[in-house]
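Asker: Structure: model.cif, mmCIF, C-alpha atoms and all ligand atoms.
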```cif
data_model
loop_
_atom_site.group_PDB
_atom_site.id
_atom_site.type_symbol
_atom_site.label_atom_id
_atom_site.label_comp_id
_atom_site.auth_asym_id
_atom_site.auth_seq_id
_atom_site.Cartn_x
_atom_site.Cartn_y
_atom_site.Cartn_z
ATOM 1 C CA MET A 1 -25.036 -64.375 -11.953
ATOM 2 C CA THR A 2 -26.426 -65.162 -8.534
ATOM 3 C CA GLU A 3 -24.740 -63.334 -5.712
ATOM 4 C CA PRO A 4 -22.301 -65.247 -3.501
ATOM 5 C CA SER A 5 -23.499 -65.795 0.063
ATOM 6 C CA ASP A 6 -20.983 -63.266 1.391
ATOM 7 C CA ALA A 7 -21.842 -60.558 -1.186
ATOM 8 C CA ALA A 8 -22.998 -58.080 1.448
ATOM 9 C CA THR A 9 -19.802 -58.563 3.440
ATOM 10 C CA ARG A 10 -17.645 -57.980 0.382
ATOM 11 C CA ARG A 11 -19.562 -54.851 -0.575
ATOM 12 C CA ALA A 12 -19.265 -53.505 2.966
ATOM 13 C CA VAL A 13 -15.465 -53.349 2.789
ATOM 14 C CA LYS A 14 -14.462 -49.739 3.367
ATOM 15 C CA PRO A 15 -12.603 -47.929 0.551
ATOM 16 C CA VAL A 16 -9.092 -46.604 0.970
ATOM 17 C CA ILE A 17 -7.774 -43.486 -0.754
ATOM 18 C CA CYS A 18 -5.544 -44.579 -3.672
ATOM 19 C CA TYR A 19 -3.157 -41.672 -3.389
ATOM 20 C CA PRO A 20 -3.134 -40.143 0.093
ATOM 21 C CA ASN A 21 -1.908 -36.661 -0.773
ATOM 22 C CA GLU A 22 -0.564 -35.446 2.560
ATOM 23 C CA THR A 23 2.976 -35.797 1.224
ATOM 24 C CA LEU A 24 2.343 -33.797 -1.954
ATOM 25 C CA PRO A 25 4.538 -30.694 -1.924
ATOM 26 C CA ALA A 26 2.170 -27.958 -0.724
ATOM 27 C CA PRO A 27 1.988 -24.666 -2.603
ATOM 28 C CA ASP A 28 2.932 -21.552 -0.616
ATOM 29 C CA LEU A 29 -0.472 -19.910 -0.999
ATOM 30 C CA GLU A 30 0.426 -17.009 1.297
ATOM 31 C CA LEU A 31 3.412 -16.100 -0.831
ATOM 32 C CA TYR A 32 1.282 -16.345 -3.969
ATOM 33 C CA ALA A 33 -1.421 -14.155 -2.391
ATOM 34 C CA GLN A 34 1.133 -11.508 -1.410
ATOM 35 C CA ALA A 35 2.632 -11.571 -4.901
ATOM 36 C CA ARG A 36 -0.810 -11.288 -6.498
ATOM 37 C CA LYS A 37 -1.636 -8.148 -4.476
ATOM 38 C CA GLY A 38 0.958 -6.005 -6.232
ATOM 39 C CA ALA A 39 0.674 -7.698 -9.612
ATOM 40 C CA VAL A 40 -0.006 -5.639 -12.716
ATOM 41 C CA LYS A 41 -2.123 -6.738 -15.643
ATOM 42 C CA LEU A 42 -0.059 -7.658 -18.678
ATOM 43 C CA GLY A 43 -2.815 -8.260 -21.186
ATOM 44 C CA GLU A 44 -5.944 -10.176 -21.986
ATOM 45 C CA VAL A 45 -7.408 -12.518 -24.566
ATOM 46 C CA LEU A 46 -11.127 -12.736 -25.280
ATOM 47 C CA VAL A 47 -12.086 -16.229 -26.390
ATOM 48 C CA PRO A 48 -15.002 -16.055 -28.852
ATOM 49 C CA PRO A 49 -17.989 -18.399 -28.385
ATOM 50 C CA ARG A 50 -17.566 -21.814 -30.096
ATOM 51 C CA ASP A 51 -13.913 -21.039 -30.713
ATOM 52 C CA ALA A 52 -10.589 -21.150 -28.857
ATOM 53 C CA ALA A 53 -7.610 -18.871 -28.307
ATOM 54 C CA CYS A 54 -4.058 -19.314 -27.042
ATOM 55 C CA PHE A 55 -2.303 -17.298 -24.355
ATOM 56 C CA ARG A 56 1.148 -17.349 -22.790
ATOM 57 C CA VAL A 57 2.254 -16.833 -19.195
ATOM 58 C CA LYS A 58 5.731 -17.012 -17.711
ATOM 59 C CA ALA A 59 6.564 -18.979 -14.588
ATOM 60 C CA GLY A 60 5.659 -16.791 -11.619
ATOM 61 C CA GLN A 61 2.832 -14.967 -13.385
ATOM 62 C CA PHE A 62 -0.887 -15.396 -12.862
ATOM 63 C CA PHE A 63 -3.771 -15.968 -15.268
ATOM 64 C CA ARG A 64 -7.476 -15.602 -14.632
ATOM 65 C CA ILE A 65 -10.355 -17.109 -16.602
ATOM 66 C CA SER A 66 -13.584 -15.125 -16.211
ATOM 67 C CA SER A 67 -17.175 -15.553 -17.224
ATOM 68 C CA VAL A 68 -18.355 -12.511 -19.158
ATOM 69 C CA GLU A 69 -21.795 -11.779 -20.602
ATOM 70 C CA GLY A 70 -23.382 -15.108 -19.627
ATOM 71 C CA PRO A 71 -22.903 -18.631 -18.274
ATOM 72 C CA GLN A 72 -20.252 -20.417 -20.302
ATOM 73 C CA VAL A 73 -18.024 -23.439 -19.853
ATOM 74 C CA GLY A 74 -14.384 -23.536 -20.985
ATOM 75 C CA ASP A 75 -12.048 -26.368 -21.954
ATOM 76 C CA LEU A 76 -8.452 -25.645 -20.922
ATOM 77 C CA ASN A 77 -5.241 -27.180 -22.333
ATOM 78 C CA LEU A 78 -1.784 -26.329 -20.961
ATOM 79 C CA TRP A 79 1.669 -27.052 -22.387
ATOM 80 C CA ASN A 80 5.199 -26.243 -21.346
ATOM 81 C CA ALA A 81 5.802 -23.188 -23.559
ATOM 82 C CA GLU A 82 9.227 -24.531 -24.580
ATOM 83 C CA ASP A 83 8.247 -28.197 -25.086
ATOM 84 C CA LEU A 84 4.796 -29.287 -26.202
ATOM 85 C CA SER A 85 5.517 -32.873 -25.107
ATOM 86 C CA GLU A 86 5.058 -31.726 -21.518
ATOM 87 C CA ARG A 87 1.350 -31.174 -21.201
ATOM 88 C CA PHE A 88 -1.481 -31.269 -18.701
ATOM 89 C CA TYR A 89 -2.253 -34.776 -17.399
ATOM 90 C CA SER A 90 -5.934 -34.761 -16.511
ATOM 91 C CA GLY A 91 -6.041 -38.391 -15.326
ATOM 92 C CA LYS A 92 -3.191 -38.066 -12.831
ATOM 93 C CA SER A 93 -4.468 -34.713 -11.582
ATOM 94 C CA ARG A 94 -7.766 -36.498 -10.924
ATOM 95 C CA ALA A 95 -6.038 -39.374 -9.148
ATOM 96 C CA LEU A 96 -4.136 -36.956 -6.916
ATOM 97 C CA HIS A 97 -6.815 -34.372 -6.134
ATOM 98 C CA GLY A 98 -10.197 -35.874 -6.980
ATOM 99 C CA THR A 99 -12.789 -35.427 -9.704
ATOM 100 C CA HIS A 100 -12.962 -31.620 -9.549
ATOM 101 C CA LEU A 101 -10.231 -29.060 -8.838
ATOM 102 C CA THR A 102 -10.303 -25.992 -6.626
ATOM 103 C CA VAL A 103 -7.994 -23.690 -4.636
ATOM 104 C CA ALA A 104 -4.560 -25.091 -3.622
ATOM 105 C CA GLU A 105 -4.879 -27.924 -6.136
ATOM 106 C CA ARG A 106 -2.641 -28.308 -9.128
ATOM 107 C CA MET A 107 -2.701 -29.057 -12.813
ATOM 108 C CA TRP A 108 0.034 -31.712 -13.117
ATOM 109 C CA SER A 109 2.083 -32.453 -16.228
ATOM 110 C CA SER A 110 2.513 -35.684 -18.207
ATOM 111 C CA PHE A 111 5.232 -38.309 -17.751
ATOM 112 C CA PRO A 112 8.166 -38.194 -17.421
ATOM 113 C CA TYR A 113 7.826 -34.662 -16.013
ATOM 114 C CA LEU A 114 4.942 -35.012 -13.544
ATOM 115 C CA ARG A 115 5.297 -31.649 -11.843
ATOM 116 C CA PRO A 116 2.869 -28.818 -11.120
ATOM 117 C CA MET A 117 2.198 -26.692 -14.209
ATOM 118 C CA ALA A 118 -0.282 -24.359 -12.514
ATOM 119 C CA THR A 119 -1.801 -23.945 -9.070
ATOM 120 C CA ILE A 120 -5.369 -22.722 -8.552
ATOM 121 C CA VAL A 121 -5.237 -19.684 -6.262
ATOM 122 C CA LYS A 122 -8.800 -18.359 -6.486
ATOM 123 C CA ASP A 123 -12.164 -19.920 -7.290
ATOM 124 C CA THR A 124 -15.318 -17.821 -6.911
ATOM 125 C CA LEU A 125 -17.405 -20.999 -7.310
ATOM 126 C CA ASP A 126 -15.781 -22.792 -4.368
ATOM 127 C CA TRP A 127 -19.041 -22.292 -2.413
ATOM 128 C CA TYR A 128 -20.759 -24.829 -4.708
ATOM 129 C CA GLY A 129 -19.189 -27.899 -3.142
ATOM 130 C CA ILE A 130 -20.782 -31.203 -4.136
ATOM 131 C CA ASP A 131 -24.524 -31.047 -4.864
ATOM 132 C CA ALA A 132 -27.241 -33.625 -4.181
ATOM 133 C CA TYR A 133 -26.591 -35.332 -7.540
ATOM 134 C CA GLY A 134 -22.886 -35.685 -6.815
ATOM 135 C CA GLY A 135 -22.127 -32.831 -9.216
ATOM 136 C CA SER A 136 -19.354 -30.294 -8.756
ATOM 137 C CA VAL A 137 -17.481 -27.638 -10.748
ATOM 138 C CA HIS A 138 -14.180 -27.575 -12.728
ATOM 139 C CA ASP A 139 -13.871 -31.266 -13.557
ATOM 140 C CA VAL A 140 -11.015 -33.473 -14.635
ATOM 141 C CA ILE A 141 -13.338 -36.426 -15.342
ATOM 142 C CA GLY A 142 -14.608 -35.405 -18.771
ATOM 143 C CA THR A 143 -12.375 -35.425 -21.806
ATOM 144 C CA ARG A 144 -13.221 -32.602 -24.211
ATOM 145 C CA CYS A 145 -16.127 -32.530 -26.594
ATOM 146 C CA ASP A 146 -14.935 -33.767 -29.970
ATOM 147 C CA PRO A 147 -16.221 -34.483 -33.477
ATOM 148 C CA TYR A 148 -15.266 -38.158 -33.425
ATOM 149 C CA THR A 149 -17.651 -39.071 -30.608
ATOM 150 C CA GLY A 150 -20.393 -37.056 -32.299
ATOM 151 C CA ASN A 151 -19.776 -38.988 -35.489
ATOM 152 C CA LEU A 152 -19.763 -42.287 -33.626
ATOM 153 C CA LEU A 153 -23.055 -41.622 -31.847
ATOM 154 C CA SER A 154 -25.006 -39.695 -34.472
ATOM 155 C CA GLY A 155 -23.049 -39.614 -37.732
ATOM 156 C CA THR A 156 -22.464 -35.841 -37.588
ATOM 157 C CA GLN A 157 -19.669 -33.678 -39.012
ATOM 158 C CA TYR A 158 -19.559 -30.850 -36.475
ATOM 159 C CA HIS A 159 -16.490 -28.616 -36.540
ATOM 160 C CA HIS A 160 -16.700 -26.420 -33.448
ATOM 161 C CA CYS A 161 -16.264 -28.942 -30.652
ATOM 162 C CA CYS A 162 -13.600 -27.969 -28.128
ATOM 163 C CA HIS A 163 -11.219 -30.546 -29.628
ATOM 164 C CA SER A 164 -11.342 -28.856 -33.043
ATOM 165 C CA ASN A 165 -11.336 -25.350 -31.542
ATOM 166 C CA LEU A 166 -8.184 -26.170 -29.557
ATOM 167 C CA THR A 167 -6.611 -27.787 -32.628
ATOM 168 C CA ARG A 168 -7.139 -24.692 -34.790
ATOM 169 C CA ALA A 169 -5.920 -22.331 -32.050
ATOM 170 C CA LEU A 170 -2.728 -24.335 -31.439
ATOM 171 C CA ALA A 171 -2.067 -24.709 -35.187
ATOM 172 C CA ASP A 172 -2.301 -20.936 -35.679
ATOM 173 C CA GLU A 173 -0.204 -20.152 -32.591
ATOM 174 C CA MET A 174 2.607 -22.585 -33.446
ATOM 175 C CA GLY A 175 2.513 -22.546 -37.249
ATOM 176 C CA LEU A 176 1.609 -26.241 -37.337
ATOM 177 C CA SER A 177 -0.706 -28.081 -39.694
ATOM 178 C CA LEU A 178 -4.071 -29.077 -38.246
ATOM 179 C CA HIS A 179 -3.010 -32.734 -38.078
ATOM 180 C CA GLU A 180 0.260 -31.857 -36.345
ATOM 181 C CA ALA A 181 -1.527 -29.623 -33.858
ATOM 182 C CA GLU A 182 -4.269 -32.166 -33.191
ATOM 183 C CA ALA A 183 -1.739 -34.647 -31.770
ATOM 184 C CA HIS A 184 -0.887 -32.146 -29.014
ATOM 185 C CA VAL A 185 -4.475 -31.524 -27.913
ATOM 186 C CA HIS A 186 -5.259 -33.404 -24.728
ATOM 187 C CA ASP A 187 -7.913 -33.959 -22.079
ATOM 188 C CA VAL A 188 -8.844 -30.729 -20.403
ATOM 189 C CA LEU A 189 -9.683 -29.019 -17.185
ATOM 190 C CA ASN A 190 -13.389 -28.318 -17.700
ATOM 191 C CA VAL A 191 -13.497 -24.788 -16.322
ATOM 192 C CA PHE A 192 -16.883 -23.815 -14.797
ATOM 193 C CA MET A 193 -18.482 -27.069 -16.029
ATOM 194 C CA CYS A 194 -20.759 -28.814 -13.507
ATOM 195 C CA THR A 195 -20.470 -32.578 -13.815
ATOM 196 C CA GLY A 196 -20.445 -35.872 -11.997
ATOM 197 C CA PHE A 197 -21.242 -39.548 -12.353
ATOM 198 C CA THR A 198 -24.773 -40.894 -11.842
ATOM 199 C CA ARG A 199 -24.963 -43.093 -8.772
ATOM 200 C CA ASP A 200 -27.185 -45.745 -10.406
ATOM 201 C CA THR A 201 -25.398 -46.261 -13.753
ATOM 202 C CA GLY A 202 -22.050 -44.548 -13.214
ATOM 203 C CA GLN A 203 -22.532 -42.416 -16.343
ATOM 204 C CA TYR A 204 -20.869 -39.067 -16.876
ATOM 205 C CA PHE A 205 -23.444 -36.283 -16.500
ATOM 206 C CA MET A 206 -23.494 -32.533 -16.909
ATOM 207 C CA LYS A 207 -25.921 -29.909 -15.687
ATOM 208 C CA ALA A 208 -26.318 -26.156 -16.072
ATOM 209 C CA SER A 209 -23.172 -24.483 -14.793
ATOM 210 C CA PRO A 210 -23.700 -22.254 -11.745
ATOM 211 C CA VAL A 211 -21.205 -19.745 -13.233
ATOM 212 C CA ARG A 212 -22.357 -16.157 -13.692
ATOM 213 C CA PRO A 213 -20.637 -13.141 -15.256
ATOM 214 C CA GLY A 214 -17.872 -11.986 -12.936
ATOM 215 C CA ASP A 215 -17.081 -15.455 -11.652
ATOM 216 C CA HIS A 216 -13.501 -16.480 -12.214
ATOM 217 C CA LEU A 217 -10.874 -19.123 -11.686
ATOM 218 C CA GLU A 218 -7.330 -17.910 -11.169
ATOM 219 C CA PHE A 219 -4.027 -19.763 -11.534
ATOM 220 C CA PHE A 220 -0.390 -19.261 -10.625
ATOM 221 C CA ALA A 221 1.921 -20.433 -13.427
ATOM 222 C CA GLU A 222 4.563 -22.763 -11.973
ATOM 223 C CA ILE A 223 6.433 -23.077 -15.297
ATOM 224 C CA ASP A 224 6.408 -21.125 -18.574
ATOM 225 C CA LEU A 225 3.055 -21.983 -20.103
ATOM 226 C CA LEU A 226 1.285 -21.982 -23.406
ATOM 227 C CA GLY A 227 -2.431 -22.255 -22.741
ATOM 228 C CA ALA A 228 -5.406 -22.749 -25.034
ATOM 229 C CA LEU A 229 -8.970 -22.177 -23.914
ATOM 230 C CA SER A 230 -12.085 -23.160 -25.850
ATOM 231 C CA ALA A 231 -15.484 -21.595 -25.185
ATOM 232 C CA CYS A 232 -17.442 -24.852 -25.442
ATOM 233 C CA PRO A 233 -20.305 -25.081 -27.964
ATOM 234 C CA GLY A 234 -22.320 -26.458 -25.047
ATOM 235 C CA GLY A 235 -22.564 -22.934 -23.541
ATOM 236 C CA ASP A 236 -23.507 -23.555 -19.893
ATOM 237 C CA CYS A 237 -23.813 -27.280 -20.772
ATOM 238 C CA SER A 238 -27.412 -27.470 -19.514
ATOM 239 C CA THR A 239 -28.723 -29.408 -22.506
ATOM 240 C CA GLU A 240 -26.325 -30.425 -25.249
ATOM 241 C CA HIS A 241 -22.908 -29.859 -26.703
ATOM 242 C CA SER A 242 -21.404 -30.730 -30.112
ATOM 243 C CA SER A 243 -23.942 -28.583 -31.964
ATOM 244 C CA ASP A 244 -24.796 -24.940 -32.628
ATOM 245 C CA THR A 245 -28.026 -24.995 -30.619
ATOM 246 C CA ALA A 246 -26.820 -23.947 -27.153
ATOM 247 C CA ARG A 247 -26.519 -20.279 -26.222
ATOM 248 C CA CYS A 248 -22.810 -19.447 -26.006
ATOM 249 C CA HIS A 249 -20.766 -16.595 -24.604
ATOM 250 C CA PRO A 250 -17.134 -15.509 -24.711
ATOM 251 C CA LEU A 251 -14.620 -16.209 -21.945
ATOM 252 C CA LEU A 252 -11.949 -13.754 -20.815
ATOM 253 C CA VAL A 253 -8.348 -14.706 -20.003
ATOM 254 C CA GLU A 254 -6.220 -12.081 -18.222
ATOM 255 C CA MET A 255 -2.535 -12.288 -17.375
ATOM 256 C CA PHE A 256 -0.852 -10.622 -14.378
ATOM 257 C CA GLU A 257 2.773 -10.127 -13.361
ATOM 258 C CA PRO A 258 3.911 -9.676 -9.745
ATOM 259 C CA GLU A 259 6.274 -6.868 -8.740
ATOM 260 C CA PRO A 260 9.996 -7.680 -8.977
ATOM 261 C CA GLY A 261 11.126 -9.554 -5.872
ATOM 262 C CA ALA A 262 7.593 -10.462 -4.833
ATOM 263 C CA LEU A 263 8.364 -14.175 -5.234
ATOM 264 C CA ASN A 264 11.685 -14.253 -3.398
ATOM 265 C CA GLY A 265 12.240 -17.752 -2.077
ATOM 266 C CA TRP A 266 10.087 -19.385 -4.746
ATOM 267 C CA ALA A 267 11.498 -21.462 -7.592
ATOM 268 C CA SER A 268 9.867 -23.107 -10.577
ATOM 269 C CA PRO A 269 9.456 -26.825 -9.711
ATOM 270 C CA PRO A 270 12.005 -29.265 -11.185
ATOM 271 C CA VAL A 271 10.873 -32.206 -13.286
ATOM 272 C CA ASN A 272 10.018 -35.437 -11.475
ATOM 273 C CA GLY A 273 12.817 -37.191 -9.608
ATOM 274 C CA TYR A 274 12.245 -40.752 -10.864
ATOM 275 C CA ASP A 275 15.498 -41.960 -12.521
ATOM 276 C CA ARG A 276 13.688 -43.530 -15.513
ATOM 277 C CA SER A 277 15.802 -46.709 -15.489
ATOM 278 C CA HIS A 278 12.594 -48.795 -15.242
ATOM 279 C CA GLY A 279 14.407 -51.624 -13.494
ATOM 280 C CA ARG A 280 17.228 -52.032 -16.028
ATOM 281 C CA GLY A 281 20.892 -51.056 -15.796
HETATM 282 ZN ZN ZN B 301 -16.605 -28.545 -25.225
#
```
Could you write out this structure as structure tokens?

Answerer:
Amino acid sequence: MTEPSDAATRRAVKPVICYPNETLPAPDLELYAQARKGAVKLGEVLVPPRDAACFRVKAGQFFRISSVEGPQVGDLNLWNAEDLSERFYSGKSRALHGTHLTVAERMWSSFPYLRPMATIVKDTLDWYGIDAYGGSVHDVIGTRCDPYTGNLLSGTQYHHCCHSNLTRALADEMGLSLHEAEAHVHDVLNVFMCTGFTRDTGQYFMKASPVRPGDHLEFFAEIDLLGALSACPGGDCSTEHSSDTARCHPLLVEMFEPEPGALNGWASPPVNGYDRSHGRG
């Protein structure tokens, strides 16, 4: 199509932020930091390369995901530990906070709950910012690598994509069949993954993660959580995923509990206040 005569004028219209987030309830980061100081380690889970593992944290506890041994990306799912229908909502978290998450930002839950599930309290990669390609770390713009897309694009039957890893881990944790568990697996927080959209074609891109052993991302659990983390078969995601060719490393999840009374004044957030009448009755 030929451009209209006022094309330049239309393109020059300034964008507005869809969801100004000044009115989002702000986390009390100082209280969390104080509580974290006296917290004791409860346990840890080592997620093997090209596989996933589940972990549980109670509301008011902390969990930390660390790079160990070498650069590695992780795909994180979260559920309400008592109700798998409340799960992480990647798309709304993106709409509220932007394409990549960091300190003070939240992992929000699905409708009709839409409340904070976890708050990021520490990010050793926060120095990275947004690079010259528009890339940044810990995205909520990807989905999770999965065998269906691989089959669609190249006819493969690969079984250690994050989607399958998360499915197996949840099935084992909950005593569900693989098909039952698969329905609960959802789009992830791509921990340590460096991604963006190309400016010329708008395509999703990845590049070698800047993560190094010792780097970590730490969360405060706002509600009782069941988590599952997959150590992506893409390794640092510098070349390819959905195959066994990339060099992969484990990821460490550690859980911490604050001292009794350390969270005085804090309460687990209630579910969303919308009355759910949807305009009827
Ligand atoms: Zn993956």

Asker: Run the PyMOL selection byres (((chain A and resi 122-129) around 9) and not hetatm) mentally over the shown coordinates, then write out the matched residues as JSON, numbers by chain, using the chain letters and numbers from the document.

Answerer: {"A": [64, 102, 103, 104, 120, 121, 130, 131, 135, 136, 137, 192, 210, 211, 214, 215, 216, 217, 218, 219]}

Asker: Just say which residues the PyMOL selection byres (((not hetatm)) within 9 of (chain B and resi 301)) picks in this file, as a list in words.

Answerer: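 Given this file, the PyMOL selection byres (((not hetatm)) within 9 of (chain B and resi 301)) evaluates to Arg50, Val73, Gly74, Asp75, Thr143, Arg144, Cys145, Asp146, His160, Cys161, Cys162, His163, Asn165, Asn190, Ser230, Ala231, Cys232, Pro233, Gly234, Gly235, Cys237, His241 and Ser242 of chain A.
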
Asker: Which residue is closest to A:Ala169? Choose from A:Leu84, A:Leu78, A:Leu229, A:Leu101 and count only C-alpha atoms.

Answerer: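 Closest residue, counting only C-alpha atoms: A:Leu229.
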
Asker: Considering only C-alpha atoms, return as a PyMOL selection string whatever protein or nucleic-acid residues lie within 12 Å of A:Gly134, sequence-local ones (same chain, fewer than 2 positions apart) excluded.

Answerer: chain A and resi 99-100+128-132+136-137+194-200+202-207

Asker: Of the residues A:Gly273, A:Pro48, A:Gly155, A:Pro4, which is the one nearest to A:Cys248, using all atoms listed in the file?

Answerer: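 That would be A:Pro48, the residue with the smallest distance to A:Cys248.
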
Asker: Because the input lacks atoms here, generate N, CA, C and O atoms for stretch 79-95 of chain A and report them as an mmCIF file, in the frame of the given file.

Answerer:
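Saved to rebuild_27.cif:
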```cif
data_model
loop_
_atom_site.group_PDB
_atom_site.id
_atom_site.type_symbol
_atom_site.label_atom_id
_atom_site.label_comp_id
_atom_site.auth_asym_id
_atom_site.auth_seq_id
_atom_site.Cartn_x
_atom_site.Cartn_y
_atom_site.Cartn_z
ATOM 1 N N TRP A 79 0.399 -26.432 -21.990
ATOM 2 C CA TRP A 79 1.669 -27.052 -22.387
ATOM 3 C C TRP A 79 2.823 -26.259 -21.775
ATOM 4 O O TRP A 79 2.690 -25.052 -21.511
ATOM 5 N N ASN A 80 3.949 -26.942 -21.600
ATOM 6 C CA ASN A 80 5.199 -26.243 -21.346
ATOM 7 C C ASN A 80 5.474 -25.392 -22.588
ATOM 8 O O ASN A 80 5.524 -25.920 -23.701
ATOM 9 N N ALA A 81 5.662 -24.092 -22.408
ATOM 10 C CA ALA A 81 5.802 -23.188 -23.559
ATOM 11 C C ALA A 81 7.013 -23.539 -24.416
ATOM 12 O O ALA A 81 7.050 -23.217 -25.601
ATOM 13 N N GLU A 82 8.015 -24.195 -23.815
ATOM 14 C CA GLU A 82 9.227 -24.531 -24.580
ATOM 15 C C GLU A 82 9.205 -25.965 -25.121
ATOM 16 O O GLU A 82 10.105 -26.359 -25.859
ATOM 17 N N ASP A 83 8.234 -26.782 -24.711
ATOM 18 C CA ASP A 83 8.247 -28.197 -25.086
ATOM 19 C C ASP A 83 6.819 -28.756 -25.007
ATOM 20 O O ASP A 83 6.331 -29.111 -23.934
ATOM 21 N N LEU A 84 6.204 -28.865 -26.182
ATOM 22 C CA LEU A 84 4.796 -29.287 -26.202
ATOM 23 C C LEU A 84 4.597 -30.719 -25.710
ATOM 24 O O LEU A 84 3.468 -31.128 -25.429
ATOM 25 N N SER A 85 5.697 -31.501 -25.594
ATOM 26 C CA SER A 85 5.517 -32.873 -25.107
ATOM 27 C C SER A 85 5.201 -32.903 -23.611
ATOM 28 O O SER A 85 4.715 -33.912 -23.100
ATOM 29 N N GLU A 86 5.498 -31.817 -22.913
ATOM 30 C CA GLU A 86 5.058 -31.726 -21.518
ATOM 31 C C GLU A 86 3.724 -30.994 -21.498
ATOM 32 O O GLU A 86 3.637 -29.806 -21.802
ATOM 33 N N ARG A 87 2.685 -31.740 -21.145
ATOM 34 C CA ARG A 87 1.350 -31.174 -21.201
ATOM 35 C C ARG A 87 0.518 -31.645 -20.025
ATOM 36 O O ARG A 87 0.894 -32.591 -19.321
ATOM 37 N N PHE A 88 -0.600 -30.974 -19.833
ATOM 38 C CA PHE A 88 -1.481 -31.269 -18.701
ATOM 39 C C PHE A 88 -1.932 -32.735 -18.724
ATOM 40 O O PHE A 88 -2.346 -33.256 -19.747
ATOM 41 N N TYR A 89 -1.870 -33.374 -17.560
ATOM 42 C CA TYR A 89 -2.253 -34.776 -17.399
ATOM 43 C C TYR A 89 -3.509 -34.809 -16.525
ATOM 44 O O TYR A 89 -3.431 -34.836 -15.296
ATOM 45 N N SER A 90 -4.647 -34.795 -17.206
ATOM 46 C CA SER A 90 -5.934 -34.761 -16.511
ATOM 47 C C SER A 90 -6.129 -35.971 -15.593
ATOM 48 O O SER A 90 -6.555 -35.841 -14.443
ATOM 49 N N GLY A 91 -5.802 -37.165 -16.102
ATOM 50 C CA GLY A 91 -6.041 -38.391 -15.326
ATOM 51 C C GLY A 91 -5.250 -38.427 -14.029
ATOM 52 O O GLY A 91 -5.770 -38.822 -12.980
ATOM 53 N N LYS A 92 -3.990 -38.028 -14.068
ATOM 54 C CA LYS A 92 -3.191 -38.066 -12.831
ATOM 55 C C LYS A 92 -3.596 -36.934 -11.890
ATOM 56 O O LYS A 92 -3.603 -37.120 -10.665
ATOM 57 N N SER A 93 -3.979 -35.794 -12.440
ATOM 58 C CA SER A 93 -4.468 -34.713 -11.582
ATOM 59 C C SER A 93 -5.723 -35.164 -10.840
ATOM 60 O O SER A 93 -5.913 -34.867 -9.662
ATOM 61 N N ARG A 94 -6.551 -35.931 -11.537
ATOM 62 C CA ARG A 94 -7.766 -36.498 -10.924
ATOM 63 C C ARG A 94 -7.405 -37.498 -9.838
ATOM 64 O O ARG A 94 -7.973 -37.494 -8.741
ATOM 65 N N ALA A 95 -6.431 -38.361 -10.128
ATOM 66 C CA ALA A 95 -6.038 -39.374 -9.148
ATOM 67 C C ALA A 95 -5.463 -38.719 -7.887
ATOM 68 O O ALA A 95 -5.658 -39.222 -6.782
#
```
